[in-house]
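The file coords.cif comes next; it holds mmCIF, C-alpha atoms and all ligand atoms.
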data_input
loop_
_atom_site.label_atom_id
_atom_site.label_comp_id
_atom_site.auth_asym_id
_atom_site.auth_seq_id
_atom_site.Cartn_x
_atom_site.Cartn_y
_atom_site.Cartn_z
CA MET A 1 -18.42 68.74 -94.64
CA LEU A 2 -16.68 65.54 -95.83
CA GLY A 3 -17.32 63.95 -92.43
CA SER A 4 -17.27 64.96 -88.77
CA GLY A 5 -17.16 63.10 -85.47
CA SER A 6 -14.80 61.17 -83.24
CA SER A 7 -14.02 58.72 -86.07
CA GLY A 8 -12.72 61.38 -88.43
CA ASN A 9 -13.04 65.00 -89.53
CA ALA A 10 -12.39 66.77 -92.83
CA ILE A 11 -13.85 69.97 -94.24
CA LEU A 12 -13.31 71.16 -97.81
CA VAL A 13 -13.30 74.94 -98.22
CA GLU A 14 -13.48 76.43 -101.70
CA CYS A 15 -13.22 80.04 -102.84
CA ASP A 16 -13.36 80.90 -106.55
CA GLY A 17 -11.99 77.51 -107.58
CA SER A 18 -9.19 77.47 -105.00
CA ARG A 19 -9.47 74.67 -102.42
CA ILE A 20 -8.07 73.88 -99.00
CA LEU A 21 -8.83 71.11 -96.56
CA ILE A 22 -9.33 71.64 -92.84
CA ASP A 23 -8.25 68.44 -91.04
CA CYS A 24 -7.63 65.04 -92.56
CA GLY A 25 -8.91 62.52 -90.03
CA PHE A 26 -9.71 59.87 -92.64
CA GLY A 27 -7.45 57.48 -94.50
CA THR A 28 -6.63 58.40 -98.09
CA ARG A 29 -9.00 55.83 -99.58
CA THR A 30 -11.98 57.08 -97.54
CA LEU A 31 -11.11 60.69 -98.23
CA ALA A 32 -10.69 60.11 -101.97
CA GLY A 33 -14.08 58.34 -101.97
CA ARG A 34 -15.84 61.25 -100.25
CA LEU A 35 -14.21 63.77 -102.60
CA ALA A 36 -15.21 61.65 -105.60
CA THR A 37 -18.88 61.88 -104.61
CA ILE A 38 -18.66 65.66 -105.11
CA GLY A 39 -16.42 65.49 -108.17
CA ILE A 40 -13.26 66.88 -106.57
CA ALA A 41 -9.80 65.55 -107.45
CA PRO A 42 -7.61 65.35 -104.31
CA GLU A 43 -4.66 66.77 -106.28
CA SER A 44 -6.62 70.01 -106.78
CA ILE A 45 -6.41 70.83 -103.05
CA GLU A 46 -3.87 73.59 -102.32
CA GLY A 47 -3.03 72.64 -98.77
CA CYS A 48 -4.28 71.01 -95.59
CA LEU A 49 -4.60 72.82 -92.27
CA ILE A 50 -4.74 70.71 -89.11
CA THR A 51 -6.63 71.89 -86.02
CA HIS A 52 -4.80 69.56 -83.58
CA GLU A 53 -2.98 66.28 -83.24
CA HIS A 54 -5.83 63.99 -82.19
CA SER A 55 -6.13 61.07 -84.55
CA ASP A 56 -9.65 61.95 -85.74
CA HIS A 57 -8.15 65.16 -87.19
CA VAL A 58 -4.71 64.14 -88.41
CA LYS A 59 -4.89 60.43 -89.17
CA GLY A 60 -4.55 60.57 -92.96
CA ALA A 61 -2.74 63.91 -93.34
CA GLY A 62 0.79 62.57 -93.74
CA ALA A 63 -0.17 59.90 -96.25
CA ALA A 64 -2.41 62.31 -98.18
CA ALA A 65 0.34 64.93 -98.34
CA LYS A 66 2.72 62.35 -99.78
CA LYS A 67 0.21 60.89 -102.20
CA TRP A 68 -1.25 64.11 -103.58
CA GLY A 69 1.60 66.58 -103.04
CA TRP A 70 -0.19 68.71 -100.46
CA GLY A 71 1.52 71.11 -98.12
CA VAL A 72 0.41 70.60 -94.51
CA LEU A 73 0.04 73.57 -92.15
CA ALA A 74 0.02 73.10 -88.39
CA THR A 75 1.09 74.70 -85.13
CA PRO A 76 4.43 73.50 -83.70
CA GLY A 77 2.54 71.51 -81.05
CA THR A 78 0.31 69.80 -83.62
CA ALA A 79 3.27 69.14 -85.92
CA LYS A 80 4.74 66.75 -83.33
CA ALA A 81 2.03 64.22 -84.21
CA PRO A 82 3.63 60.96 -85.41
CA GLU A 83 1.25 60.98 -88.39
CA LEU A 84 3.05 64.12 -89.62
CA ALA A 85 6.59 62.86 -89.04
CA GLU A 86 7.38 62.60 -92.75
CA ALA A 87 5.05 65.30 -94.07
CA PRO A 88 6.25 68.70 -95.34
CA VAL A 89 4.74 70.75 -92.50
CA HIS A 90 4.66 74.55 -92.64
CA LEU A 91 4.40 75.89 -89.11
CA PHE A 92 2.18 78.71 -87.88
CA GLU A 93 1.54 79.99 -84.37
CA PRO A 94 -2.02 80.22 -83.00
CA GLY A 95 -3.38 83.64 -83.92
CA MET A 96 -1.44 83.84 -87.17
CA THR A 97 -2.99 84.60 -90.55
CA ILE A 98 -2.17 82.48 -93.58
CA GLU A 99 -2.66 83.66 -97.16
CA PHE A 100 -3.84 81.30 -99.89
CA GLU A 101 -4.45 82.16 -103.53
CA ARG A 102 -8.11 83.17 -103.09
CA MET A 103 -8.62 83.21 -99.33
CA THR A 104 -7.16 84.31 -96.03
CA VAL A 105 -7.21 81.92 -93.08
CA THR A 106 -6.87 83.20 -89.52
CA SER A 107 -6.18 80.73 -86.73
CA THR A 108 -7.40 81.10 -83.15
CA ALA A 109 -6.31 79.03 -80.14
CA THR A 110 -9.05 76.72 -78.82
CA PRO A 111 -9.45 75.40 -75.25
CA HIS A 112 -8.94 71.64 -75.77
CA ASP A 113 -6.86 68.89 -74.19
CA ALA A 114 -4.39 68.98 -77.06
CA ASN A 115 -0.98 70.49 -77.78
CA GLN A 116 -1.70 73.95 -79.32
CA SER A 117 -5.11 73.31 -80.87
CA VAL A 118 -6.73 75.94 -83.08
CA GLY A 119 -9.89 76.76 -85.01
CA PHE A 120 -10.07 78.79 -88.23
CA VAL A 121 -11.89 81.64 -89.90
CA VAL A 122 -11.63 81.63 -93.70
CA GLU A 123 -12.32 84.84 -95.61
CA SER A 124 -12.83 85.03 -99.36
CA HIS A 125 -10.63 87.59 -101.14
CA SER A 126 -13.29 88.30 -103.77
CA THR A 127 -16.47 88.62 -101.68
CA GLY A 128 -15.27 89.05 -98.10
CA ALA A 129 -17.55 86.17 -97.08
CA ARG A 130 -16.40 84.56 -93.82
CA ALA A 131 -16.70 81.01 -92.54
CA GLY A 132 -15.76 80.09 -88.96
CA LEU A 133 -14.81 76.49 -88.16
CA PHE A 134 -14.61 75.64 -84.47
CA TYR A 135 -14.82 72.20 -82.87
CA ASP A 136 -13.01 70.21 -80.19
CA MET A 137 -13.21 72.85 -77.49
CA GLY A 138 -14.46 72.55 -73.94
CA HIS A 139 -15.88 76.05 -73.83
CA VAL A 140 -16.03 79.13 -76.02
CA SER A 141 -13.13 81.37 -75.07
CA ARG A 142 -13.17 85.15 -75.48
CA ALA A 143 -10.74 84.77 -78.41
CA VAL A 144 -13.00 82.29 -80.21
CA ALA A 145 -16.07 84.48 -79.63
CA ASP A 146 -14.20 87.50 -81.03
CA ALA A 147 -13.09 85.50 -84.08
CA CYS A 148 -16.72 84.55 -84.81
CA GLU A 149 -17.93 88.08 -85.51
CA ARG A 150 -19.65 88.79 -88.82
CA LEU A 151 -19.68 85.23 -90.10
CA ASP A 152 -21.69 84.05 -93.09
CA ILE A 153 -21.19 80.39 -92.17
CA LEU A 154 -20.47 78.92 -88.74
CA VAL A 155 -19.38 75.32 -88.28
CA LEU A 156 -19.67 74.74 -84.54
CA GLU A 157 -19.15 71.71 -82.34
CA SER A 158 -22.35 70.34 -80.75
CA ASN A 159 -20.79 67.27 -79.22
CA HIS A 160 -23.05 65.84 -76.56
CA ASP A 161 -26.29 66.08 -74.69
CA ASP A 162 -25.47 66.59 -70.98
CA ASP A 163 -27.95 63.96 -69.75
CA MET A 164 -26.93 61.39 -72.35
CA LEU A 165 -23.28 61.88 -71.39
CA ARG A 166 -24.05 61.48 -67.68
CA ASN A 167 -26.20 58.37 -68.21
CA GLY A 168 -24.28 56.97 -71.18
CA PRO A 169 -21.78 54.13 -71.61
CA TYR A 170 -18.56 56.03 -70.84
CA PRO A 171 -16.61 55.51 -67.61
CA ARG A 172 -16.67 58.40 -65.17
CA TRP A 173 -13.14 59.64 -65.98
CA LEU A 174 -14.01 59.91 -69.68
CA GLN A 175 -17.31 61.67 -68.93
CA GLN A 176 -15.37 64.22 -66.91
CA ARG A 177 -12.78 64.66 -69.64
CA ILE A 178 -15.44 65.30 -72.29
CA ALA A 179 -17.43 67.69 -70.09
CA CYS A 180 -14.47 69.71 -68.74
CA LYS A 181 -13.39 73.17 -69.89
CA THR A 182 -10.85 71.69 -72.30
CA GLY A 183 -13.04 68.81 -73.54
CA HIS A 184 -15.90 69.06 -75.99
CA LEU A 185 -18.72 71.57 -76.43
CA SER A 186 -22.14 70.34 -75.31
CA ASN A 187 -25.37 70.99 -77.23
CA ARG A 188 -26.39 73.42 -74.51
CA ASP A 189 -23.14 75.40 -74.62
CA ALA A 190 -23.23 75.44 -78.43
CA GLY A 191 -26.75 76.89 -78.25
CA VAL A 192 -25.78 79.55 -75.71
CA PHE A 193 -22.85 80.67 -77.85
CA ALA A 194 -24.76 80.51 -81.16
CA ARG A 195 -27.45 82.83 -79.75
CA ASP A 196 -24.77 85.50 -79.44
CA ALA A 197 -22.84 84.71 -82.61
CA VAL A 198 -25.63 84.56 -85.19
CA THR A 199 -26.54 87.59 -87.26
CA ARG A 200 -29.18 88.26 -89.87
CA GLU A 201 -26.47 87.85 -92.50
CA MET A 202 -25.38 84.38 -91.34
CA GLN A 203 -26.75 81.86 -93.79
CA HIS A 204 -25.62 78.51 -92.47
CA LEU A 205 -25.01 77.07 -89.04
CA VAL A 206 -23.53 73.58 -89.24
CA LEU A 207 -23.36 71.38 -86.14
CA ALA A 208 -20.15 69.35 -86.07
CA HIS A 209 -18.43 66.56 -84.14
CA LEU A 210 -21.68 65.04 -82.81
CA SER A 211 -21.03 62.14 -80.42
CA GLU A 212 -22.41 58.84 -81.67
CA ASN A 213 -23.02 57.58 -78.13
CA CYS A 214 -24.14 60.70 -76.28
CA ASN A 215 -26.03 62.68 -78.92
CA SER A 216 -28.22 62.35 -81.99
CA PRO A 217 -28.73 64.69 -84.95
CA ASN A 218 -32.35 65.12 -83.86
CA ILE A 219 -31.49 66.12 -80.30
CA ALA A 220 -28.67 68.46 -81.40
CA LEU A 221 -30.82 70.14 -84.06
CA THR A 222 -33.83 70.51 -81.76
CA ASN A 223 -31.62 72.07 -79.09
CA MET A 224 -30.05 74.52 -81.54
CA ARG A 225 -33.31 75.52 -83.20
CA GLY A 226 -34.74 76.14 -79.74
CA ALA A 227 -31.74 78.27 -78.78
CA LEU A 228 -32.15 80.40 -81.91
CA VAL A 229 -35.80 81.26 -81.37
CA ARG A 230 -36.24 85.04 -81.27
CA THR A 231 -32.77 85.77 -82.64
CA ARG A 232 -31.99 87.54 -85.91
CA PHE A 233 -30.90 84.25 -87.51
CA ARG A 234 -32.74 83.44 -90.76
CA GLY A 235 -30.40 80.78 -92.14
CA THR A 236 -30.34 76.99 -92.12
CA VAL A 237 -29.22 74.70 -89.29
CA THR A 238 -27.74 71.37 -90.42
CA ALA A 239 -25.98 68.51 -88.63
CA ALA A 240 -22.79 67.15 -90.19
CA LYS A 241 -22.52 63.38 -90.57
CA GLN A 242 -19.72 61.03 -89.63
CA ASP A 243 -19.95 58.80 -92.67
CA ALA A 244 -21.23 60.99 -95.49
CA VAL A 245 -20.72 64.33 -97.18
CA VAL A 246 -23.11 67.11 -96.14
CA GLY A 247 -23.27 70.41 -98.00
CA PRO A 248 -22.09 72.46 -99.76
CA PHE A 249 -22.84 75.50 -97.64
CA THR A 250 -22.46 78.65 -99.68
CA PRO A 251 -22.71 82.24 -98.50
CA GLY A 252 -24.81 83.02 -101.58
CA ASP A 253 -25.00 86.48 -103.07
CA ALA A 254 -25.84 88.42 -99.93
CA ARG A 255 -22.38 89.98 -99.80
CA ALA A 256 -22.13 90.71 -103.51
CA GLU A 257 -25.58 92.34 -103.49
CA ALA A 258 -25.05 94.39 -100.36
CA PRO A 259 -25.97 98.00 -101.16
CA VAL A 260 -23.03 100.30 -101.66
CA GLN A 261 -22.66 102.71 -98.77
CA TYR A 262 -22.14 106.26 -99.99
CA ALA A 263 -20.49 108.74 -97.73
CA LEU A 264 -22.20 112.13 -97.54
CA PHE A 265 -20.04 115.21 -97.39
ZN ZN A 301 -12.06 65.42 -82.47
ZN ZN A 302 -9.62 66.57 -80.08
#

Have the structure of the file written as structure tokens, please.
Ligand SMILES: [Zn+2]
Ligand SMILES: [Zn+2]
Amino acid sequence: MLGSGSSGNAILVECDGSRILIDCGFGTRTLAGRLATIGIAPESIEGCLITHEHSDHVKGAGAAAKKWGWGVLATPGTAKAPELAEAPVHLFEPGMTIEFERMTVTSTATPHDANQSVGFVVESHSTGARAGLFYDMGHVSRAVADACERLDILVLESNHDDDMLRNGPYPRWLQQRIACKTGHLSNRDAGVFARDAVTREMQHLVLAHLSENCNSPNIALTNMRGALVRTRFRGTVTAAKQDAVVGPFTPGDARAEAPVQYALF
């Protein structure tokens, strides 16, 4: 997680040396700085997928594409963002699957006040390990829940604490926009969904897009750990940060070491 929150989002996904970026909501200098801390050259990234056109997800994408020769992939609605006006954008429809050298990315429409927003599930060609990345959504739709089956890693929005939002600094119209069905996922809703989505095989649950005004890592983590009591989940729960890299989160060897299933005839 190179950074996540309303001031910028970017997630680096790597499979067997092949790299893609999900969202580029930071300027090129900030992004290059974050990548440098983990020893990654920006030019080594194969392409950048954008979840939606809000500035905290697309801000640096056009400039980064130009500077480092990236291809940008977005839905037609997202591609209308002014930040992408001069970028080489490859279009995909929500629900479509995109093949990269070492991984397959499937997009799923998300309920958000944006123009054709999506989340992604990335699957490794070599191990079959799956990571789901879903944030900026007002609720968990049936389609998103279905996409989150059998994940090894789940990056899930845990945007706000309901009470902190209600009693916080935002004007009423903004509170309503955040809390509505196409706004942002609350800690409580993230916990309710995670209870269903986690499996014994899932190794990492990463809380993303935490509000700086209406949430805290402590509150979000306490809520999620509480929600996961008496589930099959045995992995780690971590909160992403706005201003620093967190991770990496690796699926480990669980898949590779899974016992071979022999059919009996
Ligand atoms: Zn956002
Ligand atoms: Zn958004």

Tell me, as a PDB file with C-alpha atoms, in the frame of the given file, which residues lie within 10 Å of A:Ile20, counting all atoms listed in the file; anything in the same chain fewer than 4 positions away does not count.
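Listing of part-v3.pdb after writing:
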ATOM      1  CA  ILE A  11     -13.850  69.970 -94.240  1.00  0.00           C
ATOM      2  CA  LEU A  12     -13.310  71.160 -97.810  1.00  0.00           C
ATOM      3  CA  VAL A  13     -13.300  74.940 -98.220  1.00  0.00           C
ATOM      4  CA  GLU A  14     -13.480  76.430-101.700  1.00  0.00           C
ATOM      5  CA  CYS A  15     -13.220  80.040-102.840  1.00  0.00           C
ATOM      6  CA  SER A  44      -6.620  70.010-106.780  1.00  0.00           C
ATOM      7  CA  ILE A  45      -6.410  70.830-103.050  1.00  0.00           C
ATOM      8  CA  GLU A  46      -3.870  73.590-102.320  1.00  0.00           C
ATOM      9  CA  GLY A  47      -3.030  72.640 -98.770  1.00  0.00           C
ATOM     10  CA  CYS A  48      -4.280  71.010 -95.590  1.00  0.00           C
ATOM     11  CA  LEU A  49      -4.600  72.820 -92.270  1.00  0.00           C
ATOM     12  CA  TRP A  70      -0.190  68.710-100.460  1.00  0.00           C
ATOM     13  CA  PHE A 100      -3.840  81.300 -99.890  1.00  0.00           C
ATOM     14  CA  MET A 103      -8.620  83.210 -99.330  1.00  0.00           C
TER      15      MET A 103
END

Could you tell me, counting all atoms listed in the file, which protein and nucleic acid residues lie no more than 10 Å from ligand ZN 301 (chain A), written as a PyMOL selection string? chain A and resi 4-9+23+25+51-58+112+135-137+157+159+183-184+208-211

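Proximity ranking of A:Ala114, A:Leu221, A:Gly95, A:Tyr170 relative to A:Ala143 places A:Gly95 first, based on all atoms listed in the file.
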
For the point (0.9, 78.0, -81.0) in file coordinates, what residues are within 10 Å, counting only C-alpha atoms? Give the answer as a short mmCIF file (atom, residue, chain, number, x, y, z; two decimals) with C-alpha atoms, in the coordinates of the input?
data_model
loop_
_atom_site.label_atom_id
_atom_site.label_comp_id
_atom_site.auth_asym_id
_atom_site.auth_seq_id
_atom_site.Cartn_x
_atom_site.Cartn_y
_atom_site.Cartn_z
CA ALA A 74 0.02 73.10 -88.39
CA THR A 75 1.09 74.70 -85.13
CA PRO A 76 4.43 73.50 -83.70
CA GLY A 77 2.54 71.51 -81.05
CA THR A 78 0.31 69.80 -83.62
CA LEU A 91 4.40 75.89 -89.11
CA PHE A 92 2.18 78.71 -87.88
CA GLU A 93 1.54 79.99 -84.37
CA PRO A 94 -2.02 80.22 -83.00
CA GLY A 95 -3.38 83.64 -83.92
CA MET A 96 -1.44 83.84 -87.17
CA SER A 107 -6.18 80.73 -86.73
CA THR A 108 -7.40 81.10 -83.15
CA ALA A 109 -6.31 79.03 -80.14
CA ASN A 115 -0.98 70.49 -77.78
CA GLN A 116 -1.70 73.95 -79.32
CA SER A 117 -5.11 73.31 -80.87
CA VAL A 118 -6.73 75.94 -83.08
#

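The coordinates place atom CA of A:Asp161 at 6.0 Å from atom CA of A:Ser186.
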
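Nearest to A:His204 of all the residues A:Val140, A:Leu31, A:Ala240, A:Ala61 is A:Ala240, based on only C-alpha atoms.
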
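Counting all atoms listed in the file and comparing A:Arg200, A:Arg130, A:Arg177, A:Arg166, the residue that lies closest to ligand ZN 302 (chain A) is A:Arg177.
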
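Nearest residue to ligand ZN 302 (chain A) among A:Thr182, A:Ala64, A:Ser18, A:Glu43 is A:Thr182, counting only C-alpha atoms and all ligand atoms.
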
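The coordinates place atom CA of A:Cys214 at 8.2 Å from atom CA of A:Asp163.
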
Tell me which of A:Leu35, A:Gly138, A:Ala129, A:Leu73 sits closest to ligand ZN 302 (chain A), counting only C-alpha atoms and all ligand atoms. A:Gly138

Exercise: A:Gly252 partners within 12 Å, only C-alpha atoms, chain neighbours under 4 positions left out, as a VMD selection string: chain A and resid 127 to 130 152 to 153 201 to 204 235 248 256 to 258

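Shortest atom-to-atom contact with ligand ZN 302 (chain A) among A:Ala197, A:Ala79, A:Ile178, A:Ala36: A:Ile178, counting all atoms listed in the file.
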
Polymer residues at most 6 Å from A:Leu84, all atoms listed in the file, same-chain spacing of 3 or more positions, as an NGL selection string: :A and (62 or 81 or 87)

Draw an axis-aligned box over all listed atoms of stretch 165-168 of chain A, pad each side with 8 Å, and write its centre and edge lengths in Å, one decimal, as JSON.
{"center_x": -24.7, "center_y": 59.4, "center_z": -69.5, "size_x": 18.9, "size_y": 20.9, "size_z": 19.7}

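Atom CA of A:Arg234 is found 23.9 Å from atom CA of A:Ser126.
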
Please return stretch 109-120 of chain A, rebuilt to all heavy atoms, as an mmCIF file, keeping the file's coordinate frame.
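Below is the file out25.cif, written as the result:
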data_model
loop_
_atom_site.group_PDB
_atom_site.id
_atom_site.type_symbol
_atom_site.label_atom_id
_atom_site.label_comp_id
_atom_site.auth_asym_id
_atom_site.auth_seq_id
_atom_site.Cartn_x
_atom_site.Cartn_y
_atom_site.Cartn_z
ATOM 1 N N ALA A 109 -6.517 80.113 -81.108
ATOM 2 C CA ALA A 109 -6.310 79.030 -80.140
ATOM 3 C C ALA A 109 -7.655 78.578 -79.571
ATOM 4 O O ALA A 109 -8.534 79.395 -79.308
ATOM 5 C CB ALA A 109 -5.410 79.516 -79.009
ATOM 6 N N THR A 110 -7.815 77.272 -79.407
ATOM 7 C CA THR A 110 -9.050 76.720 -78.820
ATOM 8 C C THR A 110 -8.734 76.015 -77.506
ATOM 9 O O THR A 110 -7.659 75.429 -77.362
ATOM 10 C CB THR A 110 -9.695 75.707 -79.791
ATOM 11 O OG1 THR A 110 -8.694 74.790 -80.238
ATOM 12 C CG2 THR A 110 -10.331 76.390 -80.975
ATOM 13 N N PRO A 111 -9.669 76.071 -76.528
ATOM 14 C CA PRO A 111 -9.450 75.400 -75.250
ATOM 15 C C PRO A 111 -9.777 73.908 -75.346
ATOM 16 O O PRO A 111 -10.934 73.514 -75.252
ATOM 17 C CB PRO A 111 -10.411 76.132 -74.299
ATOM 18 C CG PRO A 111 -11.478 76.710 -75.169
ATOM 19 C CD PRO A 111 -10.919 76.854 -76.547
ATOM 20 N N HIS A 112 -8.742 73.074 -75.545
ATOM 21 C CA HIS A 112 -8.940 71.640 -75.770
ATOM 22 C C HIS A 112 -7.748 70.895 -75.184
ATOM 23 O O HIS A 112 -6.658 71.454 -75.104
ATOM 24 C CB HIS A 112 -9.066 71.393 -77.276
ATOM 25 C CG HIS A 112 -9.492 70.003 -77.638
ATOM 26 N ND1 HIS A 112 -10.557 69.362 -77.038
ATOM 27 C CD2 HIS A 112 -9.007 69.123 -78.555
ATOM 28 C CE1 HIS A 112 -10.692 68.162 -77.576
ATOM 29 N NE2 HIS A 112 -9.762 67.987 -78.484
ATOM 30 N N ASP A 113 -7.967 69.645 -74.793
ATOM 31 C CA ASP A 113 -6.860 68.890 -74.190
ATOM 32 C C ASP A 113 -5.905 68.359 -75.262
ATOM 33 O O ASP A 113 -5.714 67.161 -75.428
ATOM 34 C CB ASP A 113 -7.397 67.755 -73.298
ATOM 35 C CG ASP A 113 -8.366 66.841 -74.036
ATOM 36 O OD1 ASP A 113 -8.562 67.038 -75.256
ATOM 37 O OD2 ASP A 113 -8.922 65.940 -73.401
ATOM 38 N N ALA A 114 -5.317 69.298 -75.985
ATOM 39 C CA ALA A 114 -4.390 68.980 -77.060
ATOM 40 C C ALA A 114 -3.200 69.931 -76.952
ATOM 41 O O ALA A 114 -3.216 70.863 -76.150
ATOM 42 C CB ALA A 114 -5.072 69.141 -78.415
ATOM 43 N N ASN A 115 -2.203 69.706 -77.810
ATOM 44 C CA ASN A 115 -0.980 70.490 -77.780
ATOM 45 C C ASN A 115 -1.076 71.624 -78.797
ATOM 46 O O ASN A 115 -0.746 71.439 -79.954
ATOM 47 C CB ASN A 115 0.176 69.532 -78.135
ATOM 48 C CG ASN A 115 1.497 70.034 -77.628
ATOM 49 O OD1 ASN A 115 1.588 71.147 -77.117
ATOM 50 N ND2 ASN A 115 2.527 69.222 -77.793
ATOM 51 N N GLN A 116 -1.569 72.795 -78.409
ATOM 52 C CA GLN A 116 -1.700 73.950 -79.320
ATOM 53 C C GLN A 116 -2.789 73.773 -80.372
ATOM 54 O O GLN A 116 -2.539 73.893 -81.577
ATOM 55 C CB GLN A 116 -0.375 74.221 -80.040
ATOM 56 C CG GLN A 116 0.556 75.126 -79.258
ATOM 57 C CD GLN A 116 1.689 75.641 -80.136
ATOM 58 O OE1 GLN A 116 2.300 74.893 -80.886
ATOM 59 N NE2 GLN A 116 1.975 76.912 -80.032
ATOM 60 N N SER A 117 -3.999 73.462 -79.938
ATOM 61 C CA SER A 117 -5.110 73.310 -80.870
ATOM 62 C C SER A 117 -5.620 74.679 -81.327
ATOM 63 O O SER A 117 -5.489 75.676 -80.608
ATOM 64 C CB SER A 117 -6.249 72.527 -80.216
ATOM 65 O OG SER A 117 -6.701 73.189 -79.060
ATOM 66 N N VAL A 118 -6.191 74.700 -82.521
ATOM 67 C CA VAL A 118 -6.730 75.940 -83.080
ATOM 68 C C VAL A 118 -8.029 75.683 -83.849
ATOM 69 O O VAL A 118 -8.330 74.546 -84.211
ATOM 70 C CB VAL A 118 -5.735 76.611 -84.082
ATOM 71 C CG1 VAL A 118 -4.519 77.162 -83.367
ATOM 72 C CG2 VAL A 118 -5.344 75.645 -85.193
ATOM 73 N N GLY A 119 -8.790 76.755 -84.066
ATOM 74 C CA GLY A 119 -9.890 76.760 -85.010
ATOM 75 C C GLY A 119 -9.569 77.802 -86.069
ATOM 76 O O GLY A 119 -8.574 78.526 -85.944
ATOM 77 N N PHE A 120 -10.404 77.900 -87.112
ATOM 78 C CA PHE A 120 -10.070 78.790 -88.230
ATOM 79 C C PHE A 120 -11.249 79.643 -88.668
ATOM 80 O O PHE A 120 -12.395 79.211 -88.601
ATOM 81 C CB PHE A 120 -9.628 77.960 -89.443
ATOM 82 C CG PHE A 120 -8.396 77.129 -89.201
ATOM 83 C CD1 PHE A 120 -8.497 75.749 -89.063
ATOM 84 C CD2 PHE A 120 -7.144 77.719 -89.104
ATOM 85 C CE1 PHE A 120 -7.365 74.971 -88.837
ATOM 86 C CE2 PHE A 120 -6.004 76.942 -88.884
ATOM 87 C CZ PHE A 120 -6.117 75.566 -88.750
#
